[in-house]
$ cat structure_9.txt   # compact mmCIF, C-alpha atoms and all ligand atoms
# COMPACT_ATOMS: atom_id res chain seq x y z
CA MET R 140 70.16 39.37 -125.73
CA THR R 141 68.69 36.69 -123.46
CA ASN R 142 68.26 37.23 -119.77
CA MET R 143 71.16 34.85 -119.10
CA GLN R 144 73.52 36.66 -121.46
CA ALA R 145 72.63 39.96 -119.84
CA GLU R 146 73.06 38.52 -116.35
CA PHE R 147 76.40 37.07 -117.37
CA LYS R 148 77.62 40.45 -118.66
CA ARG R 149 76.41 42.12 -115.49
CA ARG R 150 78.17 39.66 -113.15
CA PHE R 151 81.31 39.15 -115.25
CA PRO R 152 81.80 42.34 -117.29
CA LEU R 153 85.40 41.45 -118.22
CA SER R 154 84.54 38.02 -119.65
CA GLY R 155 83.93 37.20 -123.31
CA GLU R 156 80.71 35.98 -124.97
CA PRO R 157 79.18 33.20 -122.85
CA THR R 158 78.10 29.78 -124.05
CA LEU R 159 74.58 28.90 -122.86
CA VAL R 160 73.38 25.44 -121.87
CA ARG R 161 70.20 24.06 -120.39
CA ALA R 162 69.51 20.69 -118.78
CA PRO R 163 66.04 19.59 -117.62
CA GLY R 164 64.78 17.89 -114.47
CA ARG R 165 62.73 14.73 -114.88
CA VAL R 166 59.58 13.06 -113.70
CA ASN R 167 59.64 9.28 -113.56
CA LEU R 168 56.47 7.76 -115.04
CA LEU R 169 57.19 4.11 -114.15
CA GLY R 170 60.06 2.02 -112.81
CA GLU R 171 60.85 3.22 -109.30
CA HIS R 172 63.80 1.87 -107.32
CA THR R 173 64.66 -0.37 -110.24
CA ASP R 174 67.66 1.51 -111.66
CA TYR R 175 70.14 0.34 -109.02
CA ASN R 176 68.81 -3.18 -109.49
CA GLU R 177 69.91 -3.03 -113.14
CA GLY R 178 66.27 -2.94 -114.18
CA PHE R 179 64.01 -0.78 -116.33
CA VAL R 180 62.89 2.82 -115.89
CA PHE R 181 60.60 5.11 -117.84
CA PRO R 182 61.17 8.78 -117.00
CA MET R 183 60.57 11.87 -119.10
CA ALA R 184 62.54 15.13 -119.11
CA ILE R 185 60.37 18.06 -118.01
CA ASP R 186 60.06 21.71 -119.00
CA ALA R 187 61.79 22.90 -115.86
CA GLY R 188 65.57 22.88 -115.72
CA ILE R 189 68.89 24.52 -115.03
CA THR R 190 70.38 27.12 -117.36
CA MET R 191 74.02 28.18 -117.32
CA ALA R 192 75.98 30.86 -119.13
CA GLY R 193 79.74 30.41 -119.00
CA ALA R 194 83.05 31.42 -120.57
CA LEU R 195 86.66 30.46 -119.95
CA ASN R 196 88.45 33.30 -118.14
CA GLY R 197 92.11 32.52 -118.73
CA SER R 198 92.78 32.13 -115.01
CA GLY R 199 93.04 29.16 -112.68
CA LEU R 200 89.80 30.04 -110.92
CA VAL R 201 86.24 28.85 -111.40
CA ASN R 202 83.84 31.66 -110.46
CA LEU R 203 80.20 30.74 -110.02
CA TYR R 204 77.24 33.04 -109.58
CA SER R 205 73.85 31.62 -108.62
CA LEU R 206 70.97 33.90 -109.56
CA ASP R 207 68.59 31.88 -107.40
CA TYR R 208 70.66 32.22 -104.24
CA ASP R 209 72.12 35.58 -105.25
CA ALA R 210 75.43 34.09 -104.15
CA LYS R 211 78.94 33.99 -105.52
CA ALA R 212 81.62 31.34 -104.99
CA SER R 213 85.08 30.60 -106.37
CA PHE R 214 87.46 27.66 -106.27
CA PRO R 215 90.86 26.94 -107.84
CA VAL R 216 91.07 24.31 -110.55
CA GLU R 217 94.28 23.11 -108.92
CA GLU R 218 92.62 21.77 -105.83
CA ILE R 219 88.93 20.96 -106.03
CA LEU R 220 87.50 20.15 -102.62
CA SER R 221 83.95 19.75 -101.50
CA SER R 222 82.56 22.80 -99.68
CA THR R 223 80.69 22.63 -96.39
CA THR R 224 79.63 26.28 -96.46
CA GLU R 225 78.64 26.65 -100.13
CA LYS R 226 76.92 23.33 -100.63
CA TRP R 227 75.17 24.43 -103.84
CA THR R 228 78.59 24.53 -105.55
CA ASN R 229 79.41 20.89 -104.83
CA TYR R 230 77.59 19.56 -107.89
CA PHE R 231 79.64 21.85 -110.12
CA ARG R 232 82.83 21.01 -108.25
CA GLY R 233 82.10 17.29 -108.44
CA VAL R 234 81.68 17.30 -112.21
CA CYS R 235 84.91 19.36 -112.62
CA LYS R 236 86.73 16.89 -110.40
CA GLU R 237 85.48 13.86 -112.34
CA PHE R 238 86.78 15.34 -115.61
CA GLN R 239 90.14 15.96 -113.96
CA LEU R 240 90.28 12.36 -112.76
CA LEU R 241 90.12 11.42 -116.45
CA ASP R 242 93.04 13.78 -117.17
CA PHE R 243 91.04 16.48 -118.91
CA ALA R 244 92.86 19.81 -118.41
CA LEU R 245 90.29 21.93 -116.66
CA GLN R 246 90.65 25.71 -117.07
CA GLY R 247 89.28 28.61 -115.07
CA MET R 248 85.88 29.99 -116.05
CA ASP R 249 83.06 32.34 -115.12
CA VAL R 250 79.57 30.85 -114.90
CA VAL R 251 76.10 32.19 -114.09
CA ILE R 252 73.52 29.60 -112.98
CA GLN R 253 69.74 29.77 -112.81
CA GLY R 254 67.15 27.07 -112.29
CA ASN R 255 63.42 26.50 -111.95
CA VAL R 256 63.23 22.85 -110.88
CA PRO R 257 61.58 22.72 -107.45
CA GLN R 258 64.29 21.55 -105.05
CA GLY R 259 63.97 18.62 -102.69
CA ALA R 260 60.83 17.55 -104.54
CA GLY R 261 62.16 14.46 -106.30
CA LEU R 262 62.28 16.15 -109.72
CA SER R 263 66.06 15.82 -110.05
CA SER R 264 67.24 19.38 -109.71
CA SER R 265 70.67 18.04 -108.75
CA ALA R 266 70.93 15.78 -111.79
CA ALA R 267 69.97 18.76 -113.97
CA LEU R 268 72.71 20.81 -112.33
CA GLU R 269 75.32 18.09 -112.86
CA VAL R 270 74.34 17.44 -116.46
CA ALA R 271 74.24 21.16 -117.31
CA THR R 272 77.71 21.51 -115.79
CA ALA R 273 79.09 18.58 -117.77
CA VAL R 274 77.65 19.81 -121.06
CA LEU R 275 78.96 23.31 -120.39
CA LEU R 276 82.48 22.08 -119.53
CA ARG R 277 82.59 19.88 -122.62
CA ALA R 278 81.53 22.79 -124.85
CA LEU R 279 83.82 25.41 -123.31
CA HIS R 280 86.92 23.19 -123.51
CA GLY R 281 86.00 21.59 -126.83
CA TRP R 282 86.39 18.13 -125.29
CA ASP R 283 85.42 15.11 -127.30
CA TYR R 284 83.34 13.07 -124.90
CA ASP R 285 80.36 10.90 -125.64
CA ASP R 286 76.89 11.65 -124.19
CA VAL R 287 76.52 8.30 -122.40
CA ASP R 288 80.01 8.58 -120.90
CA LEU R 289 79.07 12.03 -119.77
CA VAL R 290 75.96 10.64 -118.04
CA LYS R 291 78.12 8.10 -116.21
CA LEU R 292 80.55 10.82 -115.22
CA THR R 293 77.77 12.93 -113.69
CA GLN R 294 76.51 9.90 -111.76
CA ARG R 295 80.02 9.41 -110.34
CA ALA R 296 80.06 13.09 -109.35
CA GLU R 297 76.83 12.52 -107.41
CA ASN R 298 77.95 9.20 -105.87
CA ASP R 299 81.59 9.91 -105.08
CA PHE R 300 81.89 13.67 -104.71
CA VAL R 301 78.48 14.80 -103.46
CA GLY R 302 78.16 11.49 -101.60
CA VAL R 303 74.62 10.43 -102.56
CA ALA R 304 74.27 6.80 -103.68
CA SER R 305 71.79 7.32 -106.53
CA GLY R 306 71.26 5.20 -109.62
CA ILE R 307 71.71 6.40 -113.19
CA MET R 308 68.11 7.23 -114.13
CA ASP R 309 68.00 10.94 -113.33
CA GLN R 310 71.15 12.00 -115.14
CA PHE R 311 70.29 9.79 -118.09
CA ALA R 312 66.84 11.35 -118.45
CA SER R 313 68.22 14.86 -118.13
CA MET R 314 70.78 14.18 -120.87
CA MET R 315 68.81 12.06 -123.31
CA GLY R 316 65.22 13.28 -123.02
CA ARG R 317 63.36 14.34 -126.13
CA LYS R 318 60.37 16.60 -126.75
CA ASP R 319 57.08 14.62 -126.72
CA HIS R 320 58.89 11.41 -125.73
CA ALA R 321 59.60 9.46 -122.58
CA LEU R 322 62.74 7.41 -122.20
CA PHE R 323 62.68 3.65 -121.78
CA LEU R 324 66.06 2.77 -120.31
CA ASP R 325 67.62 -0.57 -119.56
CA CYS R 326 69.83 0.31 -116.61
CA ARG R 327 72.10 -2.68 -117.16
CA SER R 328 73.03 -2.30 -120.83
CA LEU R 329 72.14 1.42 -120.97
CA ASP R 330 70.28 0.69 -124.20
CA TYR R 331 67.40 3.08 -124.49
CA GLU R 332 64.43 3.86 -126.65
CA LEU R 333 62.56 7.15 -126.89
CA ILE R 334 58.85 6.39 -126.87
CA PRO R 335 56.32 8.98 -128.13
CA THR R 336 53.96 10.08 -125.36
CA PRO R 337 50.38 10.10 -126.67
CA PHE R 338 49.03 11.90 -123.59
CA GLU R 339 48.29 15.29 -125.10
CA GLU R 340 46.77 14.00 -128.33
CA GLN R 341 44.41 11.84 -126.27
CA GLY R 342 43.43 14.81 -124.09
CA TYR R 343 45.50 13.99 -121.00
CA ALA R 344 48.11 15.85 -119.01
CA VAL R 345 51.01 14.64 -116.90
CA VAL R 346 50.29 16.36 -113.61
CA VAL R 347 52.78 16.53 -110.79
CA LEU R 348 51.71 17.42 -107.27
CA ASN R 349 54.35 18.49 -104.79
CA SER R 350 53.37 17.23 -101.34
CA ARG R 351 55.71 19.84 -99.82
CA VAL R 352 56.96 17.15 -97.46
CA GLN R 353 60.73 17.48 -97.54
CA ARG R 354 62.27 14.10 -98.26
CA GLY R 355 63.83 13.86 -94.82
CA LEU R 356 64.57 10.17 -94.39
CA VAL R 357 65.49 9.67 -97.94
CA ASP R 358 69.26 9.13 -97.77
CA SER R 359 69.39 6.52 -95.05
CA ALA R 360 66.26 4.72 -96.22
CA TYR R 361 67.51 4.73 -99.80
CA ASN R 362 70.73 3.03 -98.73
CA THR R 363 68.83 0.50 -96.61
CA ARG R 364 66.63 -0.38 -99.58
CA ARG R 365 69.66 -0.88 -101.80
CA GLN R 366 71.17 -3.16 -99.19
CA GLU R 367 67.93 -5.13 -98.79
CA CYS R 368 67.78 -5.69 -102.54
CA ASN R 369 71.36 -7.01 -102.51
CA ASP R 370 70.58 -9.26 -99.56
CA ALA R 371 67.56 -10.66 -101.41
CA VAL R 372 69.77 -11.41 -104.42
CA LYS R 373 72.27 -13.29 -102.24
CA LEU R 374 69.54 -15.50 -100.79
CA LEU R 375 67.87 -16.08 -104.15
CA GLN R 376 71.22 -17.12 -105.65
CA ARG R 377 71.02 -20.31 -103.62
CA GLU R 378 68.15 -21.39 -105.89
CA LEU R 379 69.02 -19.30 -108.92
CA PRO R 380 72.83 -19.22 -109.07
CA ALA R 381 72.93 -17.42 -112.41
CA ILE R 382 71.23 -14.23 -111.22
CA ARG R 383 73.33 -11.11 -110.72
CA SER R 384 70.67 -8.70 -109.61
CA LEU R 385 66.89 -8.54 -109.13
CA ARG R 386 66.73 -7.59 -112.78
CA ASP R 387 67.41 -11.22 -113.61
CA VAL R 388 64.40 -12.45 -111.64
CA GLY R 389 61.20 -12.59 -113.70
CA VAL R 390 57.61 -12.61 -112.42
CA GLU R 391 57.59 -16.40 -112.91
CA TYR R 392 59.68 -16.57 -109.71
CA LEU R 393 57.22 -14.68 -107.49
CA GLN R 394 56.43 -17.93 -105.70
CA LEU R 395 60.09 -18.47 -104.87
CA ILE R 396 60.37 -14.89 -103.63
CA GLN R 397 57.64 -15.66 -101.10
CA ASN R 398 60.16 -17.92 -99.31
CA LEU R 399 62.49 -15.02 -98.50
CA PRO R 400 62.33 -13.52 -94.99
CA GLY R 401 59.33 -11.12 -94.79
CA THR R 402 60.87 -7.74 -95.53
CA LEU R 403 63.20 -9.05 -98.22
CA ALA R 404 60.29 -10.81 -99.92
CA GLN R 405 58.40 -7.52 -100.04
CA ARG R 406 61.37 -5.58 -101.44
CA ALA R 407 62.13 -8.18 -104.08
CA ARG R 408 58.46 -8.47 -105.06
CA HIS R 409 58.32 -4.74 -105.66
CA VAL R 410 61.37 -4.67 -107.91
CA VAL R 411 60.35 -7.75 -109.88
CA THR R 412 56.77 -6.59 -110.45
CA GLU R 413 57.88 -3.02 -111.13
CA ASN R 414 60.23 -4.12 -113.91
CA ASP R 415 57.32 -6.03 -115.39
CA ARG R 416 55.05 -2.98 -115.11
CA VAL R 417 57.56 -0.94 -117.11
CA LEU R 418 57.70 -3.54 -119.89
CA GLN R 419 53.91 -3.91 -119.98
CA GLY R 420 53.37 -0.16 -119.64
CA ILE R 421 55.47 0.53 -122.69
CA LYS R 422 53.51 -1.98 -124.74
CA TRP R 423 50.28 -0.30 -123.71
CA LEU R 424 51.60 3.15 -124.47
CA LYS R 425 52.74 2.05 -127.91
CA ALA R 426 49.27 0.64 -128.49
CA GLY R 427 47.70 3.92 -127.34
CA ASP R 428 46.04 2.17 -124.38
CA LEU R 429 46.22 4.90 -121.76
CA ASP R 430 43.69 3.20 -119.47
CA SER R 431 45.98 0.23 -118.92
CA PHE R 432 49.02 2.48 -118.66
CA GLY R 433 47.25 4.51 -115.98
CA ARG R 434 46.36 1.37 -114.04
CA ALA R 435 50.04 0.39 -114.07
CA LEU R 436 50.86 3.74 -112.47
CA THR R 437 48.44 3.12 -109.62
CA ALA R 438 49.64 -0.48 -109.20
CA SER R 439 53.18 0.87 -108.97
CA HIS R 440 52.11 3.15 -106.15
CA ARG R 441 50.52 0.29 -104.22
CA SER R 442 53.70 -1.69 -104.55
CA LEU R 443 55.88 1.23 -103.40
CA GLN R 444 53.47 1.88 -100.55
CA HIS R 445 53.03 -1.66 -99.21
CA ASP R 446 56.00 -3.70 -100.48
CA PHE R 447 58.89 -1.30 -100.89
CA GLU R 448 57.57 1.00 -98.13
CA VAL R 449 58.99 4.25 -99.44
CA SER R 450 55.77 6.27 -99.54
CA CYS R 451 54.42 8.39 -96.69
CA PRO R 452 50.90 9.29 -95.50
CA GLU R 453 50.90 12.58 -97.42
CA LEU R 454 51.85 10.94 -100.74
CA ASP R 455 49.25 8.22 -100.16
CA LEU R 456 46.63 10.88 -99.50
CA LEU R 457 47.52 12.77 -102.70
CA VAL R 458 47.14 9.54 -104.68
CA GLU R 459 43.76 8.74 -103.08
CA LEU R 460 42.47 12.26 -103.71
CA ALA R 461 43.71 12.21 -107.31
CA LEU R 462 42.02 8.87 -108.02
CA LYS R 463 38.71 10.26 -106.77
CA VAL R 464 38.61 12.89 -109.52
CA PRO R 465 36.49 11.54 -112.42
CA GLY R 466 38.52 10.53 -115.46
CA VAL R 467 41.92 10.31 -113.75
CA LEU R 468 43.66 7.24 -115.25
CA GLY R 469 46.31 6.61 -112.61
CA SER R 470 48.44 8.15 -109.90
CA ARG R 471 51.61 7.30 -108.02
CA MET R 472 54.44 8.71 -106.00
CA THR R 473 57.47 9.49 -108.16
CA GLY R 474 61.18 9.59 -107.35
CA ALA R 475 62.88 8.17 -104.28
CA GLY R 476 59.87 8.68 -101.96
CA PHE R 477 59.37 9.73 -98.32
CA GLY R 478 57.96 13.02 -99.56
CA GLY R 479 58.40 14.86 -102.82
CA CYS R 480 55.83 14.46 -105.59
CA THR R 481 53.11 12.33 -107.12
CA VAL R 482 52.45 12.03 -110.84
CA SER R 483 48.96 11.53 -112.26
CA LEU R 484 47.37 11.20 -115.69
CA VAL R 485 44.54 13.71 -115.69
CA PRO R 486 42.04 14.62 -118.45
CA ARG R 487 42.93 18.12 -119.61
CA ARG R 488 39.34 19.30 -119.29
CA GLN R 489 39.43 18.34 -115.60
CA LEU R 490 42.63 20.18 -114.74
CA SER R 491 41.06 23.02 -112.79
CA LEU R 492 38.66 20.71 -110.96
CA PHE R 493 41.59 18.43 -110.17
CA GLU R 494 43.73 21.23 -108.80
CA GLU R 495 40.89 22.73 -106.82
CA THR R 496 39.57 19.59 -105.15
CA VAL R 497 42.84 17.78 -104.54
CA THR R 498 44.73 20.75 -103.11
CA LYS R 499 41.74 21.83 -101.02
CA ASP R 500 41.18 18.43 -99.41
CA TYR R 501 44.93 17.93 -98.98
CA LEU R 502 45.24 21.25 -97.20
CA ALA R 503 42.28 20.44 -94.97
CA GLN R 504 43.77 17.09 -93.93
CA THR R 505 47.48 17.94 -93.67
CA ASN R 506 47.72 21.70 -93.34
CA LEU R 507 50.09 21.60 -96.32
CA GLN R 508 49.63 23.56 -99.52
CA ALA R 509 50.38 21.16 -102.39
CA GLU R 510 51.75 22.74 -105.53
CA MET R 511 50.69 21.54 -108.97
CA TYR R 512 52.75 21.51 -112.17
CA VAL R 513 51.64 20.37 -115.61
CA PHE R 514 54.74 19.17 -117.43
CA SER R 515 55.27 18.24 -121.04
CA ALA R 516 57.99 15.91 -122.23
CA SER R 517 60.96 18.10 -123.09
CA PRO R 518 64.33 17.90 -124.81
CA GLY R 519 67.37 16.73 -122.87
CA ALA R 520 70.46 18.84 -122.17
CA ARG R 521 71.56 21.09 -124.99
CA LEU R 522 73.45 24.19 -126.01
CA LEU R 523 71.15 27.17 -126.47
C1 LIG J 601 66.30 8.76 -106.87
C2 LIG J 601 67.62 8.28 -107.47
C3 LIG J 601 67.36 7.46 -108.75
C4 LIG J 601 66.35 6.35 -108.49
C5 LIG J 601 65.11 6.91 -107.79
C6 LIG J 601 64.14 5.83 -107.38
O1 LIG J 601 65.69 9.67 -107.76
O2 LIG J 601 68.43 9.39 -107.80
O3 LIG J 601 68.59 6.95 -109.22
O4 LIG J 601 66.92 5.31 -107.75
O5 LIG J 601 65.45 7.66 -106.64
O6 LIG J 601 63.59 5.22 -108.50

$ encode --input "structure_9.txt" --output "structure tokens"
Amino acid sequence: MTNMQAEFKRRFPLSGEPTLVRAPGRVNLLGEHTDYNEGFVFPMAIDAGITMAGALNGSGLVNLYSLDYDAKASFPVEEILSSTTEKWTNYFRGVCKEFQLLDFALQGMDVVIQGNVPQGAGLSSSAALEVATAVLLRALHGWDYDDVDLVKLTQRAENDFVGVASGIMDQFASMMGRKDHALFLDCRSLDYELIPTPFEEQGYAVVVLNSRVQRGLVDSAYNTRRQECNDAVKLLQRELPAIRSLRDVGVEYLQLIQNLPGTLAQRARHVVTENDRVLQGIKWLKAGDLDSFGRALTASHRSLQHDFEVSCPELDLLVELALKVPGVLGSRMTGAGFGGCTVSLVPRRQLSLFEETVTKDYLAQTNLQAEMYVFSASPGARLL
């Protein structure tokens, strides 16, 4: 019996055999703040995630037990409201609610939840929670509902129920990831391609450093950036009436972008060059050219730092320290920014030197203890 089965029996002794699901967090390799501009992203699902064990209970109540918080919560399927006191349950509630809005007949259930995605670090613990919930609900009720529709449903749960205006990248990566692959996603058409990651075979590791700076400003700044991107589109439409979003503006228009008011020019330049970096980066990866791919990572950071202005001194310091370690191919902040994590491509033989020097210097300069994770590309959400 797995730990989760045993925990389920312990917390819900009267319930039947549980169904087990797991959904991963993600680290974004390239393509930051491009998803809500209908652009390109390149995340990979990681080997940290959320696991759930659940069974229908024949009642009208959803009973949740979080092993991480050692907390219990219940709500009636009849009236699903957001909770101000048990905030951790809102992701689960939101996904339930979204299914109900589509007229799926939600039943009561017992569910145990456990996770190991660092929270508030930009590694999409909330997307993992939403996707795990959706996959569990679909399995328990035997609903026929397509994976991509399910991704969209979880994004609506996050946007409308939890109230965070995120794009679609995180949920998509958590659902569709594959072992040893990263996911190239077109956020307009939702066409995607799983691209093999040659990091390990070439002796490199995807290393994530948690700055331990909580992403304080993130919500308001995120919304401001979205607005600025829309404003840039409106102004650019005067010259380019056919464009719908910054996705439609290629690098050949960088000159035109220079004519936008200062801040908007910077924001638009980031998105336009970042989309291009994703397209180029994928070509390089397919050709096995990790040096060029690594340089694209660092260029992405510079653009996020100076043009999109979503980095912070601690993330910039982690990138500088990482790039000083011999053999490191590239480094950048990952996720929404204003704290959270960096991602770097580090030679495997340098891993201990990397951890030692970067965390030591970071501690000396910030008084913060960075945490390091080495992730491999992992499967997306699945039944266990
Ligand atoms: C957060 C959002 C994503 C995406 C990134 C920035 O992770 O949830 O949708 O916008 O920020 O790339």

$ residues_near_ligand --input "structure_9.txt" --ligand "ligand LIG 601 (chain J)" --cutoff "8 Å" --atoms "only C-alpha atoms and all ligand atoms" --output "MDAnalysis selection string"
chainID R and resid 167 170:175 180 261:263 266 304:309 361 473:476

$ residues_around --input "structure_9.txt" --residues "range 201-210 of chain R" --least-positions-apart "2" --cutoff "6 Å" --atoms "only C-alpha atoms" --output "list in words"
Ala212, Ser213, Phe214, Gly247, Met248, Asp249, Val250, Val251, Ile252 and Gln253 of chain R

$ residues_around --input "structure_9.txt" --residues "range 496-500 of chain R" --least-positions-apart "5" --cutoff "7 Å" --atoms "all atoms listed in the file" --output "ChimeraX atom specification"
/R:460-461,508-509

$ residues_around --input "structure_9.txt" --residues "Leu454 in chain R" --least-positions-apart "5" --cutoff "12 Å" --atoms "all atoms listed in the file" --output "VMD selection string"
chain R and resid 260 347 to 354 440 to 441 443 to 444 448 to 449 459 to 461 470 to 483 497 501 505 507 509

$ closest_residue --input "structure_9.txt" --among "R:Met183, R:Asp299, R:Val274, R:Leu492" --to "Lys236 in chain R" --atoms "all atoms listed in the file"
R:Asp299

$ atom_distance --input "structure_9.txt" --atom1 "CA of Val417 in chain R" --atom2 "CA of Pro335 in chain R"
14.9 Å

$ residues_around --input "structure_9.txt" --residues "Arg161 in chain R" --least-positions-apart "5" --cutoff "12 Å" --atoms "all atoms listed in the file" --output "NGL selection string"
:R and (143 or 184-193 or 251-256 or 266-275 or 313-314 or 517-523)

$ atom_distance --input "structure_9.txt" --atom1 "CA of Arg416 in chain R" --atom2 "CA of Val303 in chain R"
26.8 Å

$ atom_distance --input "structure_9.txt" --atom1 "CA of Ile382 in chain R" --atom2 "CA of Ala312 in chain R"
26.9 Å

$ closest_residue --input "structure_9.txt" --among "R:Ala516, R:Leu424, R:Leu220, R:Leu153" --to "Gln341 in chain R" --atoms "all atoms listed in the file"
R:Leu424

$ closest_residue --input "structure_9.txt" --among "R:Leu168, R:Cys368, R:Val467, R:Val234" --to "Val301 in chain R" --atoms "all atoms listed in the file"
R:Val234

$ closest_residue --input "structure_9.txt" --among "R:Glu237, R:Glu177, R:Asp358, R:Asp285" --to "Asn414 in chain R" --atoms "all atoms listed in the file"
R:Glu177

$ closest_residue --input "structure_9.txt" --among "R:Ser515, R:Pro337, R:Leu195, R:Ala360" --to "Ser450 in chain R" --atoms "all atoms listed in the file"
R:Ala360

$ closest_residue --input "structure_9.txt" --among "R:Pro163, R:Asn176, R:Lys148, R:Tyr284" --to "Met315 in chain R" --atoms "only C-alpha atoms"
R:Pro163

$ decode --input "structure_9.txt" --residues "range 151-162 of chain R" --atoms "N, CA and C atoms" --output "tab-separated table (two decimals), in the first residue's frame"
chain	number	residue	atom	x	y	z
R	151	PHE	N	-10.00	8.62	6.33
R	151	PHE	CA	-11.39	8.33	5.92
R	151	PHE	C	-11.64	6.82	6.00
R	152	PRO	N	-11.68	6.27	7.21
R	152	PRO	CA	-11.77	4.81	7.35
R	152	PRO	C	-13.04	4.20	6.74
R	153	LEU	N	-14.10	5.01	6.59
R	153	LEU	CA	-15.36	4.45	6.09
R	153	LEU	C	-15.45	4.49	4.56
R	154	SER	N	-14.49	5.16	3.92
R	154	SER	CA	-14.54	5.31	2.47
R	154	SER	C	-14.04	4.04	1.76
R	155	GLY	N	-14.35	3.94	0.47
R	155	GLY	CA	-13.87	2.81	-0.33
R	155	GLY	C	-12.43	3.00	-0.79
R	156	GLU	N	-11.99	2.16	-1.75
R	156	GLU	CA	-10.63	2.27	-2.29
R	156	GLU	C	-10.44	3.62	-2.97
R	157	PRO	N	-9.39	4.35	-2.67
R	157	PRO	CA	-9.21	5.65	-3.33
R	157	PRO	C	-8.58	5.53	-4.72
R	158	THR	N	-8.86	6.50	-5.55
R	158	THR	CA	-8.17	6.69	-6.82
R	158	THR	C	-7.03	7.67	-6.54
R	159	LEU	N	-5.85	7.40	-7.10
R	159	LEU	CA	-4.69	8.27	-6.85
R	159	LEU	C	-4.31	9.05	-8.11
R	160	VAL	N	-4.06	10.33	-7.97
R	160	VAL	CA	-3.58	11.13	-9.10
R	160	VAL	C	-2.38	11.96	-8.67
R	161	ARG	N	-1.58	12.32	-9.66
R	161	ARG	CA	-0.46	13.22	-9.38
R	161	ARG	C	-0.32	14.22	-10.52
R	162	ALA	N	-0.13	15.48	-10.17
R	162	ALA	CA	0.13	16.51	-11.19
R	162	ALA	C	1.38	17.28	-10.78
